[in-house]
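See below for protein-v6.pdb, which holds PDB, C-alpha atoms.
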```
ATOM      1  CA  GLY A   9       5.536 -21.913  35.151  1.00  0.00           C
ATOM      2  CA  PRO A  10       8.248 -20.527  32.871  1.00  0.00           C
ATOM      3  CA  ALA A  11      10.049 -22.843  30.484  1.00  0.00           C
ATOM      4  CA  THR A  12      13.440 -21.873  31.968  1.00  0.00           C
ATOM      5  CA  ALA A  13      14.712 -20.355  35.183  1.00  0.00           C
ATOM      6  CA  THR A  14      18.169 -19.165  36.233  1.00  0.00           C
ATOM      7  CA  ASP A  15      19.849 -18.198  39.498  1.00  0.00           C
ATOM      8  CA  GLN A  16      23.238 -18.011  41.223  1.00  0.00           C
ATOM      9  CA  ALA A  17      24.322 -19.607  44.484  1.00  0.00           C
ATOM     10  CA  GLY A  18      27.733 -20.041  46.091  1.00  0.00           C
ATOM     11  CA  GLY A  19      29.527 -18.957  42.941  1.00  0.00           C
ATOM     12  CA  TRP A  20      27.603 -21.437  40.736  1.00  0.00           C
ATOM     13  CA  HIS A  21      25.390 -20.529  37.796  1.00  0.00           C
ATOM     14  CA  LEU A  22      22.179 -22.543  38.003  1.00  0.00           C
ATOM     15  CA  ALA A  23      19.571 -23.147  35.301  1.00  0.00           C
ATOM     16  CA  ALA A  24      16.456 -25.301  35.067  1.00  0.00           C
ATOM     17  CA  TYR A  25      14.699 -26.289  31.835  1.00  0.00           C
ATOM     18  CA  ALA A  26      11.165 -27.643  31.932  1.00  0.00           C
ATOM     19  CA  LEU A  27      10.446 -30.882  30.070  1.00  0.00           C
ATOM     20  CA  ASP A  28       7.119 -32.111  28.681  1.00  0.00           C
ATOM     21  CA  ARG A  29       6.276 -33.982  31.862  1.00  0.00           C
ATOM     22  CA  PRO A  30       6.651 -33.313  35.624  1.00  0.00           C
ATOM     23  CA  ALA A  31      10.427 -33.189  35.308  1.00  0.00           C
ATOM     24  CA  ALA A  32      13.176 -30.724  34.541  1.00  0.00           C
ATOM     25  CA  LEU A  33      16.771 -30.615  33.378  1.00  0.00           C
ATOM     26  CA  GLY A  34      19.062 -28.784  35.813  1.00  0.00           C
ATOM     27  CA  THR A  35      22.570 -27.480  35.188  1.00  0.00           C
ATOM     28  CA  ALA A  36      25.192 -26.015  37.504  1.00  0.00           C
ATOM     29  CA  THR A  37      28.333 -24.448  36.013  1.00  0.00           C
ATOM     30  CA  PRO A  38      31.119 -22.428  37.645  1.00  0.00           C
ATOM     31  CA  VAL A  39      31.370 -20.155  34.590  1.00  0.00           C
ATOM     32  CA  ARG A  40      28.503 -19.263  32.267  1.00  0.00           C
ATOM     33  CA  THR A  41      29.370 -18.860  28.583  1.00  0.00           C
ATOM     34  CA  PRO A  42      27.107 -17.734  25.690  1.00  0.00           C
ATOM     35  CA  GLY A  43      26.822 -21.281  24.346  1.00  0.00           C
ATOM     36  CA  ASP A  44      25.645 -22.873  27.593  1.00  0.00           C
ATOM     37  CA  HIS A  45      21.993 -21.991  27.110  1.00  0.00           C
ATOM     38  CA  THR A  46      21.995 -23.370  23.551  1.00  0.00           C
ATOM     39  CA  VAL A  47      23.570 -26.667  24.608  1.00  0.00           C
ATOM     40  CA  ALA A  48      21.173 -27.093  27.531  1.00  0.00           C
ATOM     41  CA  SER A  49      18.155 -26.169  25.390  1.00  0.00           C
ATOM     42  CA  VAL A  50      19.096 -28.833  22.843  1.00  0.00           C
ATOM     43  CA  ALA A  51      19.526 -31.332  25.647  1.00  0.00           C
ATOM     44  CA  ALA A  52      16.080 -30.426  26.997  1.00  0.00           C
ATOM     45  CA  VAL A  53      14.534 -31.009  23.573  1.00  0.00           C
ATOM     46  CA  LEU A  54      16.260 -34.382  23.255  1.00  0.00           C
ATOM     47  CA  LEU A  55      15.172 -35.453  26.720  1.00  0.00           C
ATOM     48  CA  THR A  56      11.611 -34.390  26.000  1.00  0.00           C
ATOM     49  CA  LEU A  57      11.551 -36.459  22.835  1.00  0.00           C
ATOM     50  CA  LEU A  58      13.250 -39.470  24.387  1.00  0.00           C
ATOM     51  CA  THR A  59      11.156 -39.549  27.596  1.00  0.00           C
ATOM     52  CA  ALA A  60       7.753 -38.612  26.206  1.00  0.00           C
ATOM     53  CA  GLU A  61       4.962 -40.879  27.412  1.00  0.00           C
ATOM     54  CA  ARG A  62       3.777 -41.160  23.816  1.00  0.00           C
ATOM     55  CA  PRO A  63       6.910 -40.925  21.613  1.00  0.00           C
ATOM     56  CA  ALA A  64       6.461 -38.818  18.513  1.00  0.00           C
ATOM     57  CA  GLY A  65       7.683 -41.592  16.228  1.00  0.00           C
ATOM     58  CA  THR A  66       9.973 -41.400  13.239  1.00  0.00           C
ATOM     59  CA  GLU A  67       9.859 -37.586  13.085  1.00  0.00           C
ATOM     60  CA  ALA A  68      11.202 -37.326  16.636  1.00  0.00           C
ATOM     61  CA  ALA A  69      13.926 -39.869  15.877  1.00  0.00           C
ATOM     62  CA  ALA A  70      14.934 -37.857  12.817  1.00  0.00           C
ATOM     63  CA  LEU A  71      15.049 -34.655  14.848  1.00  0.00           C
ATOM     64  CA  THR A  72      17.126 -36.360  17.514  1.00  0.00           C
ATOM     65  CA  ARG A  73      19.694 -37.545  14.980  1.00  0.00           C
ATOM     66  CA  LEU A  74      19.777 -34.100  13.412  1.00  0.00           C
ATOM     67  CA  LEU A  75      20.407 -32.394  16.754  1.00  0.00           C
ATOM     68  CA  LEU A  76      23.178 -34.877  17.487  1.00  0.00           C
ATOM     69  CA  GLY A  77      25.152 -33.709  14.479  1.00  0.00           C
ATOM     70  CA  GLY A  78      23.528 -35.052  11.360  1.00  0.00           C
ATOM     71  CA  SER A  79      22.415 -33.129   8.299  1.00  0.00           C
ATOM     72  CA  PRO A  80      18.817 -32.873   7.045  1.00  0.00           C
ATOM     73  CA  ALA A  81      19.643 -34.936   3.954  1.00  0.00           C
ATOM     74  CA  GLU A  82      20.965 -37.745   6.160  1.00  0.00           C
ATOM     75  CA  VAL A  83      18.246 -37.917   8.793  1.00  0.00           C
ATOM     76  CA  LEU A  84      15.012 -36.939   7.042  1.00  0.00           C
ATOM     77  CA  GLY A  85      13.076 -38.890   4.467  1.00  0.00           C
ATOM     78  CA  PRO A  86      13.223 -37.747   0.826  1.00  0.00           C
ATOM     79  CA  GLY A  87       9.972 -35.816   1.223  1.00  0.00           C
ATOM     80  CA  PRO A  88       8.812 -33.630  -0.339  1.00  0.00           C
ATOM     81  CA  TRP A  89       8.784 -31.496   2.820  1.00  0.00           C
ATOM     82  CA  TYR A  90       6.843 -28.311   3.427  1.00  0.00           C
ATOM     83  CA  VAL A  91       8.279 -25.520   5.562  1.00  0.00           C
ATOM     84  CA  VAL A  92       5.490 -23.495   7.184  1.00  0.00           C
ATOM     85  CA  HIS A  93       5.713 -20.167   9.000  1.00  0.00           C
ATOM     86  CA  ALA A  94       2.650 -19.378  11.100  1.00  0.00           C
ATOM     87  CA  ARG A  95       1.527 -16.497  13.250  1.00  0.00           C
ATOM     88  CA  GLY A  96      -1.505 -15.488  15.270  1.00  0.00           C
ATOM     89  CA  GLY A  97      -2.715 -18.556  17.132  1.00  0.00           C
ATOM     90  CA  SER A  98      -2.265 -19.589  20.741  1.00  0.00           C
ATOM     91  CA  ASP A  99      -1.821 -23.366  20.437  1.00  0.00           C
ATOM     92  CA  PRO A 100       1.307 -24.222  18.410  1.00  0.00           C
ATOM     93  CA  ARG A 101       1.113 -27.903  19.279  1.00  0.00           C
ATOM     94  CA  GLY A 102      -2.483 -28.046  18.132  1.00  0.00           C
ATOM     95  CA  LEU A 103      -1.418 -26.451  14.865  1.00  0.00           C
ATOM     96  CA  ALA A 104       1.404 -28.962  14.480  1.00  0.00           C
ATOM     97  CA  ALA A 105      -1.008 -31.836  15.122  1.00  0.00           C
ATOM     98  CA  ALA A 106      -3.429 -30.471  12.534  1.00  0.00           C
ATOM     99  CA  LEU A 107      -0.612 -30.304   9.997  1.00  0.00           C
ATOM    100  CA  GLY A 108       0.532 -33.827  10.825  1.00  0.00           C
ATOM    101  CA  THR A 109       3.922 -33.079  12.366  1.00  0.00           C
ATOM    102  CA  VAL A 110       5.815 -32.774  15.643  1.00  0.00           C
ATOM    103  CA  LEU A 111       8.610 -30.735  14.054  1.00  0.00           C
ATOM    104  CA  LEU A 112       7.857 -27.230  15.262  1.00  0.00           C
ATOM    105  CA  ASP A 113       9.874 -24.353  16.587  1.00  0.00           C
ATOM    106  CA  ALA A 114       8.636 -21.282  18.440  1.00  0.00           C
ATOM    107  CA  ASP A 115       9.817 -18.272  16.437  1.00  0.00           C
ATOM    108  CA  GLY A 116       8.831 -15.448  18.772  1.00  0.00           C
ATOM    109  CA  PRO A 117       5.548 -14.516  20.485  1.00  0.00           C
ATOM    110  CA  GLY A 118       2.660 -16.056  18.549  1.00  0.00           C
ATOM    111  CA  ALA A 119       4.995 -17.223  15.759  1.00  0.00           C
ATOM    112  CA  VAL A 120       5.851 -20.800  14.834  1.00  0.00           C
ATOM    113  CA  ARG A 121       7.926 -22.587  12.202  1.00  0.00           C
ATOM    114  CA  LEU A 122       6.985 -26.119  11.207  1.00  0.00           C
ATOM    115  CA  LEU A 123       8.239 -28.850   8.928  1.00  0.00           C
ATOM    116  CA  THR A 124       5.756 -31.379   7.577  1.00  0.00           C
ATOM    117  CA  GLU A 125       5.380 -33.929   4.815  1.00  0.00           C
ATOM    118  CA  ARG A 126       1.641 -33.246   4.577  1.00  0.00           C
ATOM    119  CA  GLU A 127       0.550 -30.488   2.203  1.00  0.00           C
ATOM    120  CA  PRO A 128      -0.614 -27.690   4.529  1.00  0.00           C
ATOM    121  CA  VAL A 129      -4.103 -26.231   4.438  1.00  0.00           C
ATOM    122  CA  ALA A 130      -5.525 -23.167   6.200  1.00  0.00           C
ATOM    123  CA  GLN A 131      -6.086 -23.512   9.950  1.00  0.00           C
ATOM    124  CA  PRO A 132      -8.552 -21.501  12.078  1.00  0.00           C
ATOM    125  CA  GLY A 133      -6.949 -18.651  13.997  1.00  0.00           C
ATOM    126  CA  TRP A 134      -3.635 -18.793  12.129  1.00  0.00           C
ATOM    127  CA  ARG A 135      -2.042 -17.134   9.135  1.00  0.00           C
ATOM    128  CA  LEU A 136       0.274 -19.494   7.279  1.00  0.00           C
ATOM    129  CA  GLY A 137       3.096 -19.016   4.809  1.00  0.00           C
ATOM    130  CA  VAL A 138       3.955 -22.212   2.951  1.00  0.00           C
ATOM    131  CA  ALA A 139       7.153 -22.851   1.001  1.00  0.00           C
ATOM    132  CA  ALA A 140       7.316 -24.824  -2.203  1.00  0.00           C
ATOM    133  CA  PRO A 141       7.785 -28.562  -1.560  1.00  0.00           C
ATOM    134  CA  ALA A 142      11.476 -29.290  -1.068  1.00  0.00           C
ATOM    135  CA  GLY A 143      13.868 -32.110  -0.356  1.00  0.00           C
ATOM    136  CA  PRO A 144      15.952 -32.199   2.848  1.00  0.00           C
ATOM    137  CA  ALA A 145      18.931 -30.490   1.201  1.00  0.00           C
ATOM    138  CA  ALA A 146      16.806 -27.462   0.190  1.00  0.00           C
ATOM    139  CA  LEU A 147      15.222 -26.641   3.540  1.00  0.00           C
ATOM    140  CA  ALA A 148      17.205 -23.423   4.083  1.00  0.00           C
ATOM    141  CA  PRO A 149      15.852 -21.638   0.965  1.00  0.00           C
ATOM    142  CA  ALA A 150      12.425 -23.149   1.693  1.00  0.00           C
ATOM    143  CA  ASP A 151      12.514 -21.492   5.114  1.00  0.00           C
ATOM    144  CA  ALA A 152      13.043 -18.107   3.446  1.00  0.00           C
ATOM    145  CA  GLN A 153      10.205 -18.829   1.005  1.00  0.00           C
ATOM    146  CA  ALA A 154       7.816 -19.597   3.866  1.00  0.00           C
ATOM    147  CA  ARG A 155       8.751 -16.393   5.658  1.00  0.00           C
ATOM    148  CA  ARG A 156       8.028 -14.282   2.571  1.00  0.00           C
ATOM    149  CA  ALA A 157       4.769 -16.162   1.964  1.00  0.00           C
ATOM    150  CA  LEU A 158       3.668 -15.398   5.526  1.00  0.00           C
ATOM    151  CA  ASP A 159       4.417 -11.710   4.955  1.00  0.00           C
ATOM    152  CA  ARG A 160       2.113 -11.813   1.905  1.00  0.00           C
ATOM    153  CA  ALA A 161      -0.610 -13.612   3.833  1.00  0.00           C
ATOM    154  CA  GLU A 162      -0.552 -10.975   6.552  1.00  0.00           C
ATOM    155  CA  ALA A 163      -0.470  -8.095   4.072  1.00  0.00           C
ATOM    156  CA  ALA A 164      -3.453  -9.512   2.174  1.00  0.00           C
ATOM    157  CA  ARG A 165      -5.225 -10.666   5.363  1.00  0.00           C
ATOM    158  CA  ILE A 166      -5.707 -14.163   4.020  1.00  0.00           C
ATOM    159  CA  PRO A 167      -5.333 -17.374   6.038  1.00  0.00           C
ATOM    160  CA  LEU A 168      -2.690 -18.985   3.826  1.00  0.00           C
ATOM    161  CA  ALA A 169      -0.241 -17.913   1.138  1.00  0.00           C
ATOM    162  CA  ARG A 170       2.033 -20.225  -0.810  1.00  0.00           C
ATOM    163  CA  HIS A 171       5.401 -19.511  -2.349  1.00  0.00           C
ATOM    164  CA  THR A 172       5.253 -18.747  -6.049  1.00  0.00           C
ATOM    165  CA  GLU A 173       8.033 -18.978  -8.574  1.00  0.00           C
ATOM    166  CA  PRO A 174       9.947 -15.811  -9.488  1.00  0.00           C
ATOM    167  CA  GLY A 175       8.637 -13.629 -12.278  1.00  0.00           C
ATOM    168  CA  LEU A 176       6.796 -10.330 -12.661  1.00  0.00           C
ATOM    169  CA  ALA A 177       3.346 -11.892 -12.456  1.00  0.00           C
ATOM    170  CA  ARG A 178       4.375 -13.840  -9.347  1.00  0.00           C
ATOM    171  CA  LEU A 179       5.554 -10.887  -7.284  1.00  0.00           C
ATOM    172  CA  VAL A 180       2.012 -10.316  -6.011  1.00  0.00           C
ATOM    173  CA  GLY A 181      -0.151 -12.949  -4.367  1.00  0.00           C
ATOM    174  CA  ALA A 182      -3.165 -14.235  -6.295  1.00  0.00           C
ATOM    175  CA  ALA A 183      -5.736 -12.608  -4.005  1.00  0.00           C
ATOM    176  CA  GLU A 184      -3.905  -9.277  -4.066  1.00  0.00           C
ATOM    177  CA  ALA A 185      -3.556  -9.437  -7.863  1.00  0.00           C
ATOM    178  CA  ARG A 186      -7.272 -10.104  -8.361  1.00  0.00           C
ATOM    179  CA  ALA A 187      -8.218  -7.246  -6.039  1.00  0.00           C
ATOM    180  CA  TYR A 188      -5.873  -4.887  -7.879  1.00  0.00           C
ATOM    181  CA  ALA A 189      -7.183  -6.004 -11.288  1.00  0.00           C
ATOM    182  CA  GLU A 190     -10.792  -5.479 -10.281  1.00  0.00           C
ATOM    183  CA  ALA A 191     -10.035  -2.027  -8.935  1.00  0.00           C
ATOM    184  CA  LEU A 192      -8.125  -0.993 -12.069  1.00  0.00           C
ATOM    185  CA  LEU A 193     -10.566  -2.478 -14.592  1.00  0.00           C
ATOM    186  CA  GLY A 194     -13.699  -1.681 -12.621  1.00  0.00           C
ATOM    187  CA  PRO A 195     -14.868   1.143 -14.952  1.00  0.00           C
ATOM    188  CA  LEU A 196     -14.843  -1.159 -17.999  1.00  0.00           C
ATOM    189  CA  THR A 197     -17.766  -3.268 -19.164  1.00  0.00           C
ATOM    190  CA  PRO A 198     -17.129  -6.909 -20.153  1.00  0.00           C
ATOM    191  CA  ALA A 199     -17.221  -5.903 -23.819  1.00  0.00           C
ATOM    192  CA  LEU A 200     -14.643  -3.183 -23.281  1.00  0.00           C
ATOM    193  CA  ARG A 201     -12.412  -5.549 -21.310  1.00  0.00           C
ATOM    194  CA  ALA A 202     -12.582  -8.143 -24.088  1.00  0.00           C
ATOM    195  CA  THR A 203     -11.751  -5.505 -26.692  1.00  0.00           C
ATOM    196  CA  LEU A 204      -8.856  -4.162 -24.651  1.00  0.00           C
ATOM    197  CA  ARG A 205      -7.473  -7.664 -24.156  1.00  0.00           C
ATOM    198  CA  ALA A 206      -7.669  -8.447 -27.882  1.00  0.00           C
ATOM    199  CA  TRP A 207      -6.116  -5.101 -28.802  1.00  0.00           C
ATOM    200  CA  LEU A 208      -3.208  -5.592 -26.394  1.00  0.00           C
ATOM    201  CA  ALA A 209      -2.741  -9.209 -27.495  1.00  0.00           C
ATOM    202  CA  HIS A 210      -2.406  -8.034 -31.117  1.00  0.00           C
ATOM    203  CA  HIS A 211       0.029  -5.253 -30.194  1.00  0.00           C
ATOM    204  CA  GLY A 212      -2.399  -2.453 -30.991  1.00  0.00           C
ATOM    205  CA  SER A 213      -3.309  -3.671 -34.484  1.00  0.00           C
ATOM    206  CA  TRP A 214      -6.813  -2.436 -35.350  1.00  0.00           C
ATOM    207  CA  ASP A 215      -7.324  -4.905 -38.191  1.00  0.00           C
ATOM    208  CA  ARG A 216      -6.156  -8.019 -36.368  1.00  0.00           C
ATOM    209  CA  SER A 217      -8.067  -7.047 -33.223  1.00  0.00           C
ATOM    210  CA  ALA A 218     -11.227  -6.495 -35.270  1.00  0.00           C
ATOM    211  CA  ALA A 219     -10.818  -9.863 -36.985  1.00  0.00           C
ATOM    212  CA  ALA A 220     -10.320 -11.626 -33.653  1.00  0.00           C
ATOM    213  CA  LEU A 221     -13.420  -9.980 -32.172  1.00  0.00           C
ATOM    214  CA  GLY A 222     -15.548 -10.260 -35.307  1.00  0.00           C
ATOM    215  CA  VAL A 223     -16.309  -6.529 -35.395  1.00  0.00           C
ATOM    216  CA  HIS A 224     -15.419  -3.586 -37.653  1.00  0.00           C
ATOM    217  CA  ARG A 225     -12.048  -1.909 -37.075  1.00  0.00           C
ATOM    218  CA  ASN A 226     -13.814   1.378 -36.336  1.00  0.00           C
ATOM    219  CA  THR A 227     -15.687  -0.352 -33.524  1.00  0.00           C
ATOM    220  CA  VAL A 228     -12.361  -1.390 -32.031  1.00  0.00           C
ATOM    221  CA  ARG A 229     -11.103   2.202 -32.302  1.00  0.00           C
ATOM    222  CA  GLN A 230     -14.190   3.542 -30.584  1.00  0.00           C
ATOM    223  CA  ARG A 231     -14.012   0.994 -27.773  1.00  0.00           C
ATOM    224  CA  ILE A 232     -10.309   1.553 -27.149  1.00  0.00           C
ATOM    225  CA  GLY A 233     -10.904   5.287 -27.054  1.00  0.00           C
ATOM    226  CA  ARG A 234     -13.657   4.673 -24.524  1.00  0.00           C
ATOM    227  CA  CYS A 235     -11.295   2.508 -22.446  1.00  0.00           C
ATOM    228  CA  ALA A 236      -8.670   5.248 -22.404  1.00  0.00           C
ATOM    229  CA  ALA A 237     -11.246   7.798 -21.291  1.00  0.00           C
ATOM    230  CA  LEU A 238     -12.728   5.636 -18.528  1.00  0.00           C
ATOM    231  CA  LEU A 239      -9.339   4.507 -17.231  1.00  0.00           C
ATOM    232  CA  GLU A 240      -7.808   7.959 -17.644  1.00  0.00           C
ATOM    233  CA  ARG A 241      -4.646   6.328 -18.984  1.00  0.00           C
ATOM    234  CA  ASP A 242      -2.468   6.851 -22.073  1.00  0.00           C
ATOM    235  CA  LEU A 243      -2.784   3.525 -23.872  1.00  0.00           C
ATOM    236  CA  ASP A 244       0.203   4.353 -26.083  1.00  0.00           C
ATOM    237  CA  ASP A 245       2.441   4.222 -22.985  1.00  0.00           C
ATOM    238  CA  PRO A 246       4.165   0.782 -22.833  1.00  0.00           C
ATOM    239  CA  ASP A 247       4.160   0.873 -19.019  1.00  0.00           C
ATOM    240  CA  VAL A 248       0.399   1.387 -19.032  1.00  0.00           C
ATOM    241  CA  ARG A 249      -0.063  -1.444 -21.526  1.00  0.00           C
ATOM    242  CA  MET A 250       2.017  -3.778 -19.351  1.00  0.00           C
ATOM    243  CA  GLU A 251      -0.006  -2.850 -16.270  1.00  0.00           C
ATOM    244  CA  LEU A 252      -3.304  -3.413 -18.070  1.00  0.00           C
ATOM    245  CA  TRP A 253      -2.189  -6.743 -19.504  1.00  0.00           C
ATOM    246  CA  PHE A 254      -1.181  -7.895 -16.037  1.00  0.00           C
ATOM    247  CA  ALA A 255      -4.614  -6.900 -14.693  1.00  0.00           C
ATOM    248  CA  LEU A 256      -6.484  -8.545 -17.565  1.00  0.00           C
ATOM    249  CA  SER A 257      -4.480 -11.741 -17.080  1.00  0.00           C
ATOM    250  CA  ARG A 258      -5.601 -11.971 -13.487  1.00  0.00           C
TER     251      ARG A 258
END
```
Give the structure from this file in C-alpha cells form.
Amino acid sequence: GPATATDQAGGWHLAAYALDRPAALGTATPVRTPGDHTVASVAAVLLTLLTAERPAGTEAAALTRLLLGGSPAEVLGPGPWYVVHARGGSDPRGLAAALGTVLLDADGPGAVRLLTEREPVAQPGWRLGVAAPAGPAALAPADAQARRALDRAEAARIPLARHTEPGLARLVGAAEARAYAEALLGPLTPALRATLRAWLAHHGSWDRSAAALGVHRNTVRQRIGRCAALLERDLDDPDVRMELWFALSR
C-alpha cells in the first residue's frame, strides 16, 4: 500500500506512516500544521532504523544521531564520502546495497540521493552523478556537484559521470568532449592533426613547428593551409585556435 495515508474523524487529523515491517506509526492531532508531516516522517525513519530486524549498523546509528539534531561533522566518520544522485532504476534499495550504503533518500519519481564511503561504479539500469570525495562538513556543495554530474550523465547518455574541477576544459564531460573533438577534427588525417597541434603549440611559428616535426617549413605551411580548407575555419582567429586546441587535447 501507500507509504502514508491521511484522514479526518471527529475533528481530529489522522495520519499513518508505514514502517519497514508489518507496523505503522499513527498520529492524531487536533490541528494540522505544515511541520507535522516532516516531524512524523522523521519519526518514521527513526523507528524503521531502530526496529529493523537486521539493523543497518553504524551508518544507521549515524543517521539517527543526525536526525536527532547533530551535524554531519559530528555524527559521520571522516570519510571521504561520496554523494551520488541517481535516476532511472526501480529498486533504490538494491542500488544502495550495491553501493555499500543504507543512506539513501528518494528524490522524486525514479530519483535517489545516496551517501556512501565506497567509491561508486556504474550500476545496471541507473544513471549516476557522483560528487568529488568530501568530508562531512562539505556534503552540501558535494550534493550540488552530484546533481550537476547527473545532468551531464543524462545529457551524454552515459551510465556514470563524475564531478570535475572548474576550468574551461572541465565544463564538458570526457565522453562529450571526445565526441565533439572527433566530429570537429574528423576531416583531418593523423599527419594533419599532428601538424596542427605542433603549429598551435608553437603559436603559429612556421620555423619552430617545422623543427618540432622534422619537416621543411613550407611543408608546415601547406599542411596548415590544407587544415584550414578541410575545416572551413579561419586559423588566424584566436577563438578558432582555442577551439581546435581544446579538441586536439581531448
List the residues selected by the PyMOL selection byres ((chain A and resi 197-211) around 12) in the file shown, writing them as a PyMOL selection string.
chain A and resi 189-190+192-196+212-225+227-239+243-246+248-258
Run the PyMOL selection byres ((chain A and resi 107) around 10) on the file and write out the hits as a VMD selection string.
chain A and resid 92 101 to 106 108 to 110 122 to 131
Hits of the PyMOL selection byres ((chain A and resi 139) around 8) in this structure, as a PyMOL selection string:
chain A and resi 90-92+137-138+140-141+150-154+157+170-171
C-alpha atoms of the current selection, written as a PDB file, keeping the file's coordinate frame:
```
ATOM      1  CA  TYR A  90       6.843 -28.311   3.427  1.00  0.00           C
ATOM      2  CA  VAL A  91       8.279 -25.520   5.562  1.00  0.00           C
ATOM      3  CA  VAL A  92       5.490 -23.495   7.184  1.00  0.00           C
ATOM      4  CA  GLY A 137       3.096 -19.016   4.809  1.00  0.00           C
ATOM      5  CA  VAL A 138       3.955 -22.212   2.951  1.00  0.00           C
ATOM      6  CA  ALA A 140       7.316 -24.824  -2.203  1.00  0.00           C
ATOM      7  CA  PRO A 141       7.785 -28.562  -1.560  1.00  0.00           C
ATOM      8  CA  ALA A 150      12.425 -23.149   1.693  1.00  0.00           C
ATOM      9  CA  ASP A 151      12.514 -21.492   5.114  1.00  0.00           C
ATOM     10  CA  ALA A 152      13.043 -18.107   3.446  1.00  0.00           C
ATOM     11  CA  GLN A 153      10.205 -18.829   1.005  1.00  0.00           C
ATOM     12  CA  ALA A 154       7.816 -19.597   3.866  1.00  0.00           C
ATOM     13  CA  ALA A 157       4.769 -16.162   1.964  1.00  0.00           C
ATOM     14  CA  ARG A 170       2.033 -20.225  -0.810  1.00  0.00           C
ATOM     15  CA  HIS A 171       5.401 -19.511  -2.349  1.00  0.00           C
TER      16      HIS A 171
END
```
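The space between CA of Ala185 in chain A and CA of Gly118 in chain A spans 27.9 Å.
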When you look at Pro38 in chain A with a cut-off of 9 Å (counting all atoms listed in the file), what residues show up, excluding the ones that are within fewer than 6 positions of it in the same chain? I need them as a PyMOL selection string.
chain A and resi 19-22
Prev. selection, C-alpha atoms, output as an mmCIF file, in the coordinates of the input:
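So selection-v8.cif came out as:
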```cif
data_model
loop_
_atom_site.group_PDB
_atom_site.id
_atom_site.type_symbol
_atom_site.label_atom_id
_atom_site.label_comp_id
_atom_site.auth_asym_id
_atom_site.auth_seq_id
_atom_site.Cartn_x
_atom_site.Cartn_y
_atom_site.Cartn_z
ATOM 1 C CA GLY A 19 29.527 -18.957 42.941
ATOM 2 C CA TRP A 20 27.603 -21.437 40.736
ATOM 3 C CA HIS A 21 25.390 -20.529 37.796
ATOM 4 C CA LEU A 22 22.179 -22.543 38.003
#
```
Kindly compute an axis-aligned box around the listed atoms of range 227-240 of chain A, allowing 4 Å on each side, and express its centre and edge lengths in Å to one decimal as JSON.
```
{"center_x": -11.7, "center_y": 3.3, "center_z": -25.4, "size_x": 15.9, "size_y": 17.3, "size_z": 24.3}
```
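Counting from CA of Pro42 in chain A, the distance to CA of Ala26 in chain A is 19.8 Å.
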Measuring atom to atom with only C-alpha atoms, identify which of A:Ala17, A:Ala32, A:Ala94, A:Leu112 is nearest to Glu162 in chain A.
A:Ala94
Find the distance between CA of Leu111 in chain A and CA of Ala169 in chain A and write it in Å to one decimal.
20.2 Å
